[in-house]
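Source file: run.cif (mmCIF, C-alpha atoms)
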```cif
data_structure
loop_
_atom_site.label_atom_id
_atom_site.label_comp_id
_atom_site.auth_asym_id
_atom_site.auth_seq_id
_atom_site.Cartn_x
_atom_site.Cartn_y
_atom_site.Cartn_z
CA MET Y 1 92.22 120.04 105.82
CA SER Y 2 95.23 117.77 105.55
CA GLY Y 3 94.95 114.53 103.56
CA PRO Y 4 95.72 111.03 104.76
CA PRO Y 5 99.33 110.17 105.55
CA ILE Y 6 101.56 109.50 102.57
CA HIS Y 7 102.15 105.88 103.52
CA ILE Y 8 98.35 105.29 103.58
CA ARG Y 9 97.88 106.85 100.14
CA ASN Y 10 100.76 104.77 98.80
CA ARG Y 11 99.28 101.67 100.37
CA TRP Y 12 96.08 102.15 98.35
CA LEU Y 13 98.08 102.66 95.16
CA ARG Y 14 100.02 99.45 95.85
CA ASP Y 15 96.92 97.45 96.77
CA PRO Y 16 96.95 94.38 94.45
CA VAL Y 17 93.20 94.03 94.57
CA LEU Y 18 92.71 97.59 93.38
CA ARG Y 19 95.31 97.25 90.65
CA ILE Y 20 93.85 93.95 89.38
CA TRP Y 21 90.33 95.34 89.23
CA ILE Y 22 91.51 98.49 87.53
CA ALA Y 23 93.12 96.31 84.85
CA VAL Y 24 89.94 94.23 84.47
CA VAL Y 25 87.76 97.34 84.18
CA VAL Y 26 90.09 98.90 81.60
CA VAL Y 27 90.07 95.74 79.46
CA VAL Y 28 86.28 95.46 79.66
CA LEU Y 29 85.78 99.14 78.78
CA VAL Y 30 88.09 98.86 75.78
CA ALA Y 31 86.30 95.72 74.58
CA ALA Y 32 82.90 97.39 75.11
CA SER Y 33 84.03 100.45 73.14
CA VAL Y 34 85.19 98.29 70.23
CA ALA Y 35 81.95 96.26 70.26
CA TRP Y 36 79.85 99.43 70.49
CA SER Y 37 81.59 100.93 67.48
CA LEU Y 38 80.64 97.83 65.47
CA LEU Y 39 76.96 97.93 66.46
CA PRO Y 40 74.30 98.52 63.82
CA PRO Y 41 72.50 101.85 64.25
CA PRO Y 42 69.15 102.02 66.08
CA LEU Y 43 66.05 101.12 64.12
CA PRO Y 44 64.97 104.18 62.06
CA GLN Y 45 61.69 105.79 62.99
CA VAL Y 46 60.71 106.58 59.39
CA VAL Y 47 61.28 104.27 56.40
CA ARG Y 48 60.60 105.33 52.79
CA LEU Y 49 59.01 102.74 50.47
CA GLY Y 50 58.85 103.30 46.72
CA THR Y 51 55.57 101.87 45.38
CA GLY Y 52 54.21 102.71 41.93
CA GLN Y 53 51.64 104.79 40.10
CA ALA Y 54 48.70 106.24 42.02
CA GLY Y 55 45.78 103.82 42.18
CA GLY Y 56 47.87 100.82 41.09
CA TYR Y 57 48.35 97.54 42.89
CA TYR Y 58 51.87 98.52 43.98
CA GLU Y 59 50.42 101.49 45.83
CA ARG Y 60 47.66 99.39 47.41
CA PHE Y 61 50.16 96.78 48.52
CA GLY Y 62 52.41 99.51 49.97
CA GLU Y 63 49.47 100.92 51.91
CA GLY Y 64 48.82 97.48 53.40
CA LEU Y 65 52.48 97.24 54.41
CA ARG Y 66 52.29 100.68 55.99
CA LYS Y 67 49.52 99.54 58.33
CA GLU Y 68 51.32 96.32 59.24
CA VAL Y 69 54.64 98.05 59.90
CA ALA Y 70 52.99 100.76 61.99
CA GLU Y 71 51.96 98.10 64.52
CA HIS Y 72 55.68 97.57 65.22
CA GLY Y 73 56.33 101.25 65.94
CA VAL Y 74 57.91 102.10 62.58
CA GLU Y 75 56.43 104.79 60.37
CA LEU Y 76 56.37 103.75 56.71
CA GLU Y 77 56.25 106.60 54.23
CA THR Y 78 54.97 105.37 50.85
CA VAL Y 79 56.38 107.25 47.86
CA THR Y 80 54.31 107.28 44.66
CA THR Y 81 56.57 106.67 41.67
CA ALA Y 82 56.37 105.90 37.95
CA GLY Y 83 57.01 102.21 38.63
CA SER Y 84 59.85 99.72 38.90
CA MET Y 85 62.38 101.57 36.76
CA ASP Y 86 61.84 104.77 38.73
CA ASN Y 87 62.10 102.83 42.00
CA ILE Y 88 65.46 101.36 40.97
CA HIS Y 89 66.93 104.80 40.30
CA LEU Y 90 65.52 106.21 43.54
CA LEU Y 91 67.06 103.32 45.49
CA LEU Y 92 70.47 103.78 43.89
CA ASP Y 93 70.30 107.54 44.55
CA GLY Y 94 69.51 106.90 48.24
CA LYS Y 95 66.18 108.75 48.08
CA ILE Y 96 64.17 105.74 49.28
CA ASP Y 97 65.09 102.82 51.53
CA ILE Y 98 62.99 99.96 50.12
CA ALA Y 99 61.02 99.57 46.89
CA LEU Y 100 58.78 97.24 44.97
CA VAL Y 101 60.69 96.18 41.86
CA GLN Y 102 59.45 94.00 39.02
CA SER Y 103 61.81 91.12 38.25
CA GLY Y 104 63.37 91.44 34.83
CA ASN Y 105 64.07 95.17 35.17
CA LEU Y 106 67.45 95.11 36.93
CA SER Y 107 70.70 95.18 35.01
CA ASP Y 108 73.65 93.16 36.27
CA ALA Y 109 75.34 96.32 37.55
CA GLN Y 110 72.19 97.41 39.41
CA SER Y 111 71.67 93.94 40.91
CA ALA Y 112 75.18 94.08 42.38
CA GLN Y 113 74.30 97.31 44.23
CA LEU Y 114 71.02 96.16 45.78
CA LEU Y 115 69.66 93.33 47.93
CA SER Y 116 66.36 91.45 47.73
CA ILE Y 117 64.14 90.92 50.76
CA ALA Y 118 61.58 88.61 49.14
CA SER Y 119 59.30 88.20 46.17
CA VAL Y 120 55.77 89.12 47.18
CA PHE Y 121 53.33 88.45 44.34
CA TYR Y 122 52.99 87.36 40.73
CA GLU Y 123 52.47 89.75 37.86
CA PRO Y 124 51.02 87.79 34.96
CA VAL Y 125 52.05 88.64 31.42
CA LEU Y 126 48.87 88.62 29.30
CA VAL Y 127 49.11 88.64 25.51
CA VAL Y 128 45.82 90.01 24.11
CA GLU Y 129 44.79 90.30 20.46
CA ARG Y 130 41.74 91.55 18.64
CA SER Y 131 39.69 88.55 17.62
CA GLU Y 132 40.01 89.28 13.91
CA TRP Y 133 43.78 89.76 14.17
CA ASP Y 134 45.55 86.68 12.87
CA SER Y 135 49.22 86.87 13.78
CA TYR Y 136 51.99 84.54 14.74
CA HIS Y 137 53.31 85.39 18.22
CA ILE Y 138 51.75 88.89 17.81
CA ALA Y 139 54.38 89.79 15.21
CA GLY Y 140 53.39 92.76 13.06
CA GLY Y 141 50.71 95.32 13.63
CA ARG Y 142 50.32 97.86 16.38
CA ILE Y 143 51.33 96.45 19.76
CA ALA Y 144 50.81 98.15 23.13
CA ILE Y 145 53.90 97.48 25.27
CA GLY Y 146 53.25 99.53 28.42
CA ALA Y 147 53.77 103.07 29.60
CA PRO Y 148 57.12 104.65 28.70
CA GLY Y 149 59.76 104.25 31.40
CA SER Y 150 57.74 101.65 33.30
CA GLY Y 151 59.02 98.26 34.39
CA GLY Y 152 56.33 96.55 32.32
CA ASN Y 153 57.52 98.39 29.19
CA ALA Y 154 61.12 97.25 29.75
CA LEU Y 155 60.07 93.66 30.44
CA VAL Y 156 57.77 93.45 27.39
CA ARG Y 157 60.50 94.81 25.12
CA ARG Y 158 62.87 92.17 26.51
CA LEU Y 159 60.39 89.31 25.97
CA LEU Y 160 59.52 90.44 22.46
CA GLU Y 161 63.17 90.85 21.51
CA ASP Y 162 63.79 87.27 22.62
CA GLN Y 163 61.50 86.32 19.72
CA GLY Y 164 63.04 88.80 17.29
CA ILE Y 165 60.22 91.33 17.50
CA ARG Y 166 61.24 95.00 17.63
CA ASP Y 167 59.74 98.30 16.66
CA GLY Y 168 59.66 98.06 12.85
CA GLU Y 169 60.80 94.46 12.76
CA PRO Y 170 59.18 92.41 11.26
CA PRO Y 171 58.03 95.05 8.79
CA GLY Y 172 54.78 96.69 9.82
CA THR Y 173 55.39 96.17 13.56
CA GLN Y 174 54.73 99.32 15.56
CA PHE Y 175 55.24 99.64 19.32
CA VAL Y 176 52.70 101.84 21.08
CA GLU Y 177 53.66 102.93 24.60
CA ILE Y 178 50.38 102.90 26.48
CA ALA Y 179 49.20 100.63 29.27
CA GLY Y 180 46.28 99.66 31.45
CA GLU Y 181 42.79 100.85 30.72
CA ALA Y 182 44.00 103.17 27.93
CA ALA Y 183 45.43 100.17 26.08
CA VAL Y 184 42.20 98.22 26.61
CA ASN Y 185 40.16 101.08 25.13
CA ALA Y 186 42.54 101.30 22.17
CA LEU Y 187 42.14 97.57 21.56
CA GLN Y 188 38.37 97.82 21.68
CA SER Y 189 38.32 100.76 19.29
CA GLY Y 190 40.62 99.03 16.82
CA GLU Y 191 43.50 101.48 17.27
CA LEU Y 192 45.65 98.54 18.38
CA ASP Y 193 45.94 95.06 16.98
CA SER Y 194 47.41 93.48 20.11
CA ALA Y 195 48.83 94.34 23.51
CA VAL Y 196 51.05 92.79 26.15
CA PHE Y 197 49.97 93.56 29.71
CA VAL Y 198 52.12 93.03 32.81
CA THR Y 199 49.50 93.52 35.46
CA SER Y 200 47.65 92.18 38.46
CA PHE Y 201 44.35 90.34 38.35
CA ASP Y 202 43.06 92.88 40.86
CA ALA Y 203 42.99 95.61 38.19
CA PRO Y 204 39.31 96.26 37.36
CA TRP Y 205 39.89 96.41 33.60
CA VAL Y 206 41.49 92.91 33.46
CA ARG Y 207 38.06 91.29 33.46
CA THR Y 208 37.25 93.15 30.24
CA LEU Y 209 40.04 91.28 28.45
CA PHE Y 210 38.15 88.02 29.04
CA THR Y 211 34.54 89.22 28.64
CA ASP Y 212 34.83 91.30 25.47
CA SER Y 213 34.13 89.06 22.49
CA ASP Y 214 36.27 91.29 20.25
CA LEU Y 215 39.37 90.48 22.37
CA ARG Y 216 41.24 87.25 22.85
CA VAL Y 217 43.71 86.38 25.64
CA THR Y 218 46.09 84.01 23.91
CA ASP Y 219 47.49 80.77 25.24
CA PHE Y 220 51.24 81.30 25.64
CA ALA Y 221 52.57 78.14 24.04
CA LEU Y 222 56.21 78.93 24.81
CA ALA Y 223 55.64 79.66 28.51
CA GLU Y 224 57.82 76.80 29.72
CA ALA Y 225 60.63 77.71 27.33
CA PHE Y 226 60.57 81.36 28.44
CA SER Y 227 60.69 80.33 32.11
CA ARG Y 228 63.77 78.18 31.40
CA HIS Y 229 65.60 81.03 29.68
CA ASP Y 230 64.69 83.67 32.27
CA ARG Y 231 64.63 82.20 35.76
CA PHE Y 232 62.66 85.11 37.20
CA LEU Y 233 59.69 84.04 35.01
CA ARG Y 234 57.21 81.41 36.15
CA ARG Y 235 54.92 79.30 33.99
CA LEU Y 236 51.37 79.52 35.36
CA ILE Y 237 47.98 78.14 34.41
CA ILE Y 238 44.87 80.31 34.49
CA PRO Y 239 42.21 77.68 35.24
CA ALA Y 240 38.97 77.73 33.31
CA GLY Y 241 36.43 79.87 35.15
CA LEU Y 242 39.03 81.70 37.30
CA VAL Y 243 37.98 85.16 36.09
CA ASP Y 244 34.22 84.51 36.11
CA LEU Y 245 32.72 81.29 37.46
CA ARG Y 246 29.19 82.08 36.26
CA TYR Y 247 30.16 82.52 32.62
CA GLU Y 248 33.13 80.14 32.83
CA LEU Y 249 35.76 82.67 31.79
CA PRO Y 250 38.20 81.79 30.48
CA PRO Y 251 36.38 78.85 28.84
CA LYS Y 252 39.49 76.65 29.04
CA ASP Y 253 42.81 76.57 30.87
CA LEU Y 254 45.27 79.17 29.62
CA GLN Y 255 49.03 78.86 29.86
CA ILE Y 256 50.87 82.12 30.61
CA VAL Y 257 54.16 83.36 32.04
CA ALA Y 258 54.36 85.59 35.07
CA THR Y 259 57.08 87.67 36.59
CA THR Y 260 57.29 88.53 40.29
CA ALA Y 261 57.37 91.77 42.20
CA SER Y 262 60.04 91.86 44.89
CA LEU Y 263 60.88 94.02 47.85
CA VAL Y 264 64.38 95.38 47.24
CA ILE Y 265 66.50 97.22 49.82
CA ARG Y 266 69.65 99.31 49.79
CA PRO Y 267 72.62 97.46 51.35
CA ASP Y 268 73.23 100.34 53.79
CA ALA Y 269 69.65 100.30 55.12
CA HIS Y 270 69.03 98.92 58.60
CA LYS Y 271 69.11 95.11 58.48
CA ALA Y 272 66.35 94.81 61.11
CA LEU Y 273 63.95 96.07 58.43
CA ILE Y 274 64.39 92.82 56.50
CA PRO Y 275 62.61 90.45 58.97
CA LEU Y 276 60.10 93.24 59.68
CA PHE Y 277 59.06 93.51 56.02
CA ILE Y 278 59.05 89.76 55.48
CA GLU Y 279 56.76 89.25 58.46
CA SER Y 280 54.54 92.21 57.49
CA SER Y 281 54.25 90.83 53.94
CA ARG Y 282 53.43 87.40 55.32
CA GLN Y 283 50.57 88.84 57.35
CA GLN Y 284 49.19 90.59 54.27
CA LEU Y 285 49.64 87.67 51.85
CA SER Y 286 48.82 84.71 54.09
CA GLN Y 287 45.50 83.96 52.36
CA GLY Y 288 47.04 83.78 48.89
CA GLY Y 289 45.26 85.04 45.76
CA LEU Y 290 43.88 84.01 42.40
CA LEU Y 291 47.31 82.95 41.15
CA ALA Y 292 49.21 82.28 44.39
CA ALA Y 293 48.47 79.54 46.89
CA PRO Y 294 48.12 80.43 50.59
CA GLY Y 295 51.58 80.80 52.13
CA GLU Y 296 53.35 80.88 48.75
CA PHE Y 297 54.46 84.46 49.33
CA PRO Y 298 56.65 86.05 50.56
CA SER Y 299 59.25 83.81 48.98
CA ALA Y 300 63.00 83.57 48.52
CA HIS Y 301 62.43 82.50 44.90
CA GLY Y 302 61.90 84.66 41.85
CA VAL Y 303 64.09 87.53 43.05
CA GLU Y 304 66.61 89.17 40.76
CA ALA Y 305 68.98 91.05 43.09
CA PRO Y 306 70.94 88.80 45.51
CA LEU Y 307 68.92 87.70 48.53
CA ALA Y 308 70.04 89.43 51.74
CA ASP Y 309 71.71 87.14 54.31
CA GLU Y 310 69.11 88.11 56.92
CA ALA Y 311 66.32 87.14 54.50
CA LEU Y 312 67.95 83.82 53.70
CA GLN Y 313 68.30 83.07 57.41
CA TYR Y 314 64.64 83.99 57.96
CA PHE Y 315 63.38 81.69 55.20
CA GLN Y 316 65.62 78.81 56.31
CA ARG Y 317 65.21 79.01 60.10
CA GLY Y 318 62.43 81.49 60.72
CA PRO Y 319 62.76 84.69 62.77
CA SER Y 320 65.51 84.83 65.38
CA PHE Y 321 64.73 84.39 69.08
CA PHE Y 322 64.27 88.08 69.83
CA TYR Y 323 62.17 88.77 66.73
CA ARG Y 324 59.97 85.78 67.53
CA TRP Y 325 59.04 86.89 71.04
CA LEU Y 326 59.52 90.67 71.17
CA PRO Y 327 58.13 93.65 69.25
CA ILE Y 328 60.46 94.73 66.45
CA SER Y 329 61.80 97.82 68.26
CA TYR Y 330 62.60 95.83 71.41
CA ALA Y 331 63.98 92.94 69.37
CA SER Y 332 66.32 95.30 67.53
CA THR Y 333 67.53 96.78 70.84
CA ALA Y 334 67.96 93.32 72.37
CA THR Y 335 69.94 92.19 69.34
CA ARG Y 336 72.21 95.22 69.60
CA LEU Y 337 72.78 94.56 73.31
CA ALA Y 338 73.52 90.90 72.62
CA ILE Y 339 76.17 91.93 70.12
CA VAL Y 340 77.91 93.83 72.93
CA LEU Y 341 77.23 91.54 75.88
CA ILE Y 342 78.07 88.16 74.38
CA PRO Y 343 81.70 89.01 73.52
CA LEU Y 344 82.05 90.94 76.79
CA LEU Y 345 80.83 87.98 78.85
CA THR Y 346 83.10 85.71 76.84
CA LEU Y 347 86.01 87.97 77.68
CA MET Y 348 85.07 88.58 81.31
CA TYR Y 349 84.76 84.89 82.23
CA PRO Y 350 88.48 84.10 81.86
CA LEU Y 351 89.34 87.48 83.41
CA PHE Y 352 87.36 86.62 86.54
CA ARG Y 353 88.85 83.14 86.57
CA LEU Y 354 92.34 84.68 86.49
CA ALA Y 355 91.52 87.41 89.01
CA GLY Y 356 91.69 85.03 92.01
CA PRO Y 357 95.14 83.53 91.24
CA ALA Y 358 96.42 86.97 90.23
CA TYR Y 359 95.20 88.45 93.52
CA ARG Y 360 96.78 85.62 95.52
CA TRP Y 361 100.08 85.99 93.65
CA ALA Y 362 100.11 89.78 94.11
CA THR Y 363 99.34 89.53 97.84
CA GLU Y 364 101.94 86.85 98.56
CA ARG Y 365 104.48 88.76 96.49
CA ARG Y 366 104.18 91.69 98.92
CA ILE Y 367 105.41 89.34 101.66
CA TYR Y 368 107.90 87.10 99.89
CA ARG Y 369 109.78 89.95 98.22
CA TRP Y 370 111.17 90.83 101.68
CA TYR Y 371 112.76 87.40 102.03
CA ARG Y 372 115.16 88.36 99.25
CA VAL Y 373 116.08 91.49 101.20
CA LEU Y 374 116.54 89.56 104.44
CA GLY Y 375 118.65 86.95 102.64
CA ARG Y 376 120.96 89.67 101.31
CA ILE Y 377 121.32 91.15 104.80
CA GLU Y 378 122.08 87.72 106.26
CA ARG Y 379 124.87 87.20 103.71
CA ARG Y 380 126.34 90.59 104.68
CA MET Y 381 126.27 89.52 108.32
CA ASP Y 382 128.17 86.33 107.47
CA ALA Y 383 130.84 88.37 105.71
CA ALA Y 384 131.10 91.20 108.26
CA ASP Y 385 134.62 91.59 109.74
CA SER Y 386 134.34 94.77 111.79
CA ALA Y 387 132.09 96.65 114.16
CA ALA Y 388 131.56 99.37 111.53
CA SER Y 389 130.16 96.81 109.11
CA LEU Y 390 127.77 95.54 111.76
CA ASP Y 391 126.60 99.09 112.46
CA SER Y 392 125.84 99.58 108.75
CA ILE Y 393 123.92 96.30 108.68
CA GLN Y 394 121.98 97.41 111.78
CA GLU Y 395 120.90 100.60 110.04
CA GLU Y 396 119.67 98.71 106.98
CA LEU Y 397 117.87 96.14 109.11
CA ASP Y 398 116.13 98.93 111.03
CA ARG Y 399 114.93 100.47 107.77
CA VAL Y 400 113.62 97.11 106.61
CA ASP Y 401 111.89 96.62 109.96
CA GLU Y 402 110.12 99.97 109.56
CA GLN Y 403 108.93 99.08 106.05
CA ILE Y 404 107.75 95.62 107.03
CA ARG Y 405 105.64 97.18 109.79
CA HIS Y 406 103.66 99.02 107.09
CA VAL Y 407 102.95 95.87 105.08
CA HIS Y 408 99.23 95.09 105.33
CA VAL Y 409 97.57 91.99 103.93
CA PRO Y 410 94.12 90.41 104.39
CA ASN Y 411 93.66 88.26 107.46
CA LYS Y 412 93.75 85.17 105.26
CA TYR Y 413 97.47 85.83 104.69
CA GLY Y 414 98.23 86.97 108.27
CA SER Y 415 100.22 83.81 109.08
CA ASN Y 416 102.58 84.47 106.15
CA LEU Y 417 103.18 88.02 107.34
CA PHE Y 418 103.73 86.78 110.91
CA SER Y 419 106.37 84.30 109.66
CA LEU Y 420 108.14 87.14 107.83
CA ARG Y 421 108.28 89.22 110.99
CA MET Y 422 109.58 86.23 112.97
CA HIS Y 423 112.43 85.76 110.44
CA GLN Y 424 113.21 89.46 110.60
CA LYS Y 425 113.25 89.24 114.45
CA LEU Y 426 115.67 86.29 114.29
CA LEU Y 427 118.06 88.38 112.18
CA GLN Y 428 117.81 91.21 114.70
CA ASP Y 429 118.66 88.85 117.52
CA ARG Y 430 121.60 87.34 115.65
CA LEU Y 431 122.94 90.78 114.72
CA ALA Y 432 122.71 91.88 118.39
CA SER Y 433 124.71 88.77 119.38
CA LEU Y 434 127.36 89.52 116.78
CA ARG Y 435 127.68 93.11 117.94
CA ARG Y 436 128.13 92.03 121.57
CA ASN Y 437 130.83 89.59 120.59
CA ALA Y 438 132.55 92.27 118.51
#
```

Would it be possible to restate this file's structure as structure tokens?
Amino acid sequence: MSGPPIHIRNRWLRDPVLRIWIAVVVVVLVAASVAWSLLPPPLPQVVRLGTGQAGGYYERFGEGLRKEVAEHGVELETVTTAGSMDNIHLLLDGKIDIALVQSGNLSDAQSAQLLSIASVFYEPVLVVERSEWDSYHIAGGRIAIGAPGSGGNALVRRLLEDQGIRDGEPPGTQFVEIAGEAAVNALQSGELDSAVFVTSFDAPWVRTLFTDSDLRVTDFALAEAFSRHDRFLRRLIIPAGLVDLRYELPPKDLQIVATTASLVIRPDAHKALIPLFIESSRQQLSQGGLLAAPGEFPSAHGVEAPLADEALQYFQRGPSFFYRWLPISYASTATRLAIVLIPLLTLMYPLFRLAGPAYRWATERRIYRWYRVLGRIERRMDAADSAASLDSIQEELDRVDEQIRHVHVPNKYGSNLFSLRMHQKLLQDRLASLRRNA
């Protein structure tokens, strides 16, 4: 089967409308490709959260987050770890995406490689002595400082060193690396003289510290000073009766310091996880606790690694439009589409505005370009001095006439094309007159 005539195929190739729209489509496709390459990846289906030791509050909090996050279509895999220090190393090694990290455990170099989502709860620092132990700031004697390699161990060492207390200094000081219920039992049996606990009030053995007459939770006189030196610390008051209303334990207000536990994320993790975890934490912590007022957590304060920009925006202005009205998976998709569509629409608006004038210019140019040809022929006619010259002009004018016949424009521009043909006809008539006279 033969194709369309050559002049018809060429007419389509020369069609200004087609050429303009091809240019618009090419520009839009290039812009879309660039925008698409800059898009964040889709929301991951599985997120790994580093919690803490089995049975601890970190693990229980992580389990609550897992249930909240699951409602948004994201599977949260909780990873049991040795605690904050282990979580930091797992984050830096890329083995987990988010972790609970105790403030005071990050070095400057580690802080520069991680981002904070929010602080989520207090961890009070409780200094406990045997009742018969008479010491000044727990100096000397056998001191429990937390499990080896744990975040509490590192924090307690830091706080004690701020007061010049180290293992063996002052003389007779001995650090014992045990924590939790084991440390409580060692205190009760007399194997320890004192202990520093970084814990949660939800731990079942904490009540023993206040009810056992052989133990004494000390009033931390330098709490305000410590909180001024280390900004991640907070001076808190344990009100009288907070632990046990019936027996009024503690019998009077106690001043303590507390650190915070924060959700920390790798910088290369998906940024949509940040509002998701803030909102999930808010749902879990909305009622407050023994030490935190309702709505106090999650918070932008008390974090050690720099706060992520998305978290700062959330705390200052709340969730973005899509995250406020759509489920997290749809909100993430809508945000990704907006990243592509907004610059494309911004680009396409002036393109469409220019398309009309460009189309009009291209269409009229198909007509007016022939006036230059006819003008050149007319000048040749004025200068012709022989019949041979007129014959040559006639041949050129015939070729132009044939080409003009194949010029097609929309009906809107039909009058312009008709005027062109009238001018071409006038030249034909004048040339015929000149040839007769010759």

Matched chain/residue IDs from the PyMOL selection byres ((chain Y and resi 74-83) around 6), as an MDAnalysis selection string
chainID Y and resid 45:53 66 69:70 72:73 84:86 150

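Between CA of Ile278 (chain Y) and CA of Leu155 (chain Y) there is a distance of 25.4 Å.
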
So what does the PyMOL selection byres ((chain Y and resi 259) around 9) actually pick up in this one, as a list in words?
Gln102, Ser103, Gly104, Phe121, Tyr122, Glu123, Pro124, Val125, Val198, Phe232, Leu233, Arg234, Val257, Ala258, Thr260, Ala261 and Gly302 of chain Y

List as number ranges by chain the protein and nucleic acid residues near Ser419 (chain Y), meaning an atom at most 12 Å away when only C-alpha atoms are counted, but skip any in the same chain fewer than 3 places from it.
Y: 367-368, 370-371, 404, 413-416, 422-426

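Between CA of Leu43 (chain Y) and CA of Ile274 (chain Y) lies a distance of 11.4 Å.
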
Using the incomplete input, complete region 298-314 of chain Y to the level of N, CA and C atoms; output as a CSV table (one decimal), keeping the file's coordinate frame.
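The new file result.csv reads:
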```
chain,number,residue,atom,x,y,z
Y,298,PRO,N,55.4,85.7,51.2
Y,298,PRO,CA,56.6,86.0,50.6
Y,298,PRO,C,57.5,84.8,50.4
Y,299,SER,N,58.4,85.0,49.4
Y,299,SER,CA,59.2,83.8,49.0
Y,299,SER,C,60.7,84.3,48.7
Y,300,ALA,N,61.6,83.3,48.9
Y,300,ALA,CA,63.0,83.6,48.5
Y,300,ALA,C,63.3,83.3,47.0
Y,301,HIS,N,62.3,82.8,46.3
Y,301,HIS,CA,62.4,82.5,44.9
Y,301,HIS,C,61.9,83.6,44.0
Y,302,GLY,N,62.4,83.7,42.8
Y,302,GLY,CA,61.9,84.7,41.8
Y,302,GLY,C,62.5,86.1,42.0
Y,303,VAL,N,63.5,86.2,42.9
Y,303,VAL,CA,64.1,87.5,43.0
Y,303,VAL,C,65.2,87.7,42.0
Y,304,GLU,N,65.6,88.9,41.7
Y,304,GLU,CA,66.6,89.2,40.8
Y,304,GLU,C,67.9,89.7,41.4
Y,305,ALA,N,67.8,90.6,42.3
Y,305,ALA,CA,69.0,91.0,43.1
Y,305,ALA,C,69.3,90.0,44.1
Y,306,PRO,N,70.6,89.8,44.5
Y,306,PRO,CA,70.9,88.8,45.5
Y,306,PRO,C,70.1,88.9,46.8
Y,307,LEU,N,69.7,87.7,47.3
Y,307,LEU,CA,68.9,87.7,48.5
Y,307,LEU,C,69.8,88.1,49.7
Y,308,ALA,N,69.3,89.0,50.6
Y,308,ALA,CA,70.0,89.4,51.7
Y,308,ALA,C,70.3,88.2,52.7
Y,309,ASP,N,71.4,88.2,53.4
Y,309,ASP,CA,71.7,87.1,54.3
Y,309,ASP,C,70.6,87.0,55.4
Y,310,GLU,N,70.1,88.1,55.9
Y,310,GLU,CA,69.1,88.1,56.9
Y,310,GLU,C,67.8,87.5,56.4
Y,311,ALA,N,67.5,87.7,55.1
Y,311,ALA,CA,66.3,87.1,54.5
Y,311,ALA,C,66.5,85.6,54.3
Y,312,LEU,N,67.7,85.2,53.9
Y,312,LEU,CA,68.0,83.8,53.7
Y,312,LEU,C,67.8,83.1,55.0
Y,313,GLN,N,68.4,83.7,56.1
Y,313,GLN,CA,68.3,83.1,57.4
Y,313,GLN,C,66.8,83.0,57.9
Y,314,TYR,N,66.1,84.0,57.6
Y,314,TYR,CA,64.6,84.0,58.0
Y,314,TYR,C,63.9,82.9,57.3
```
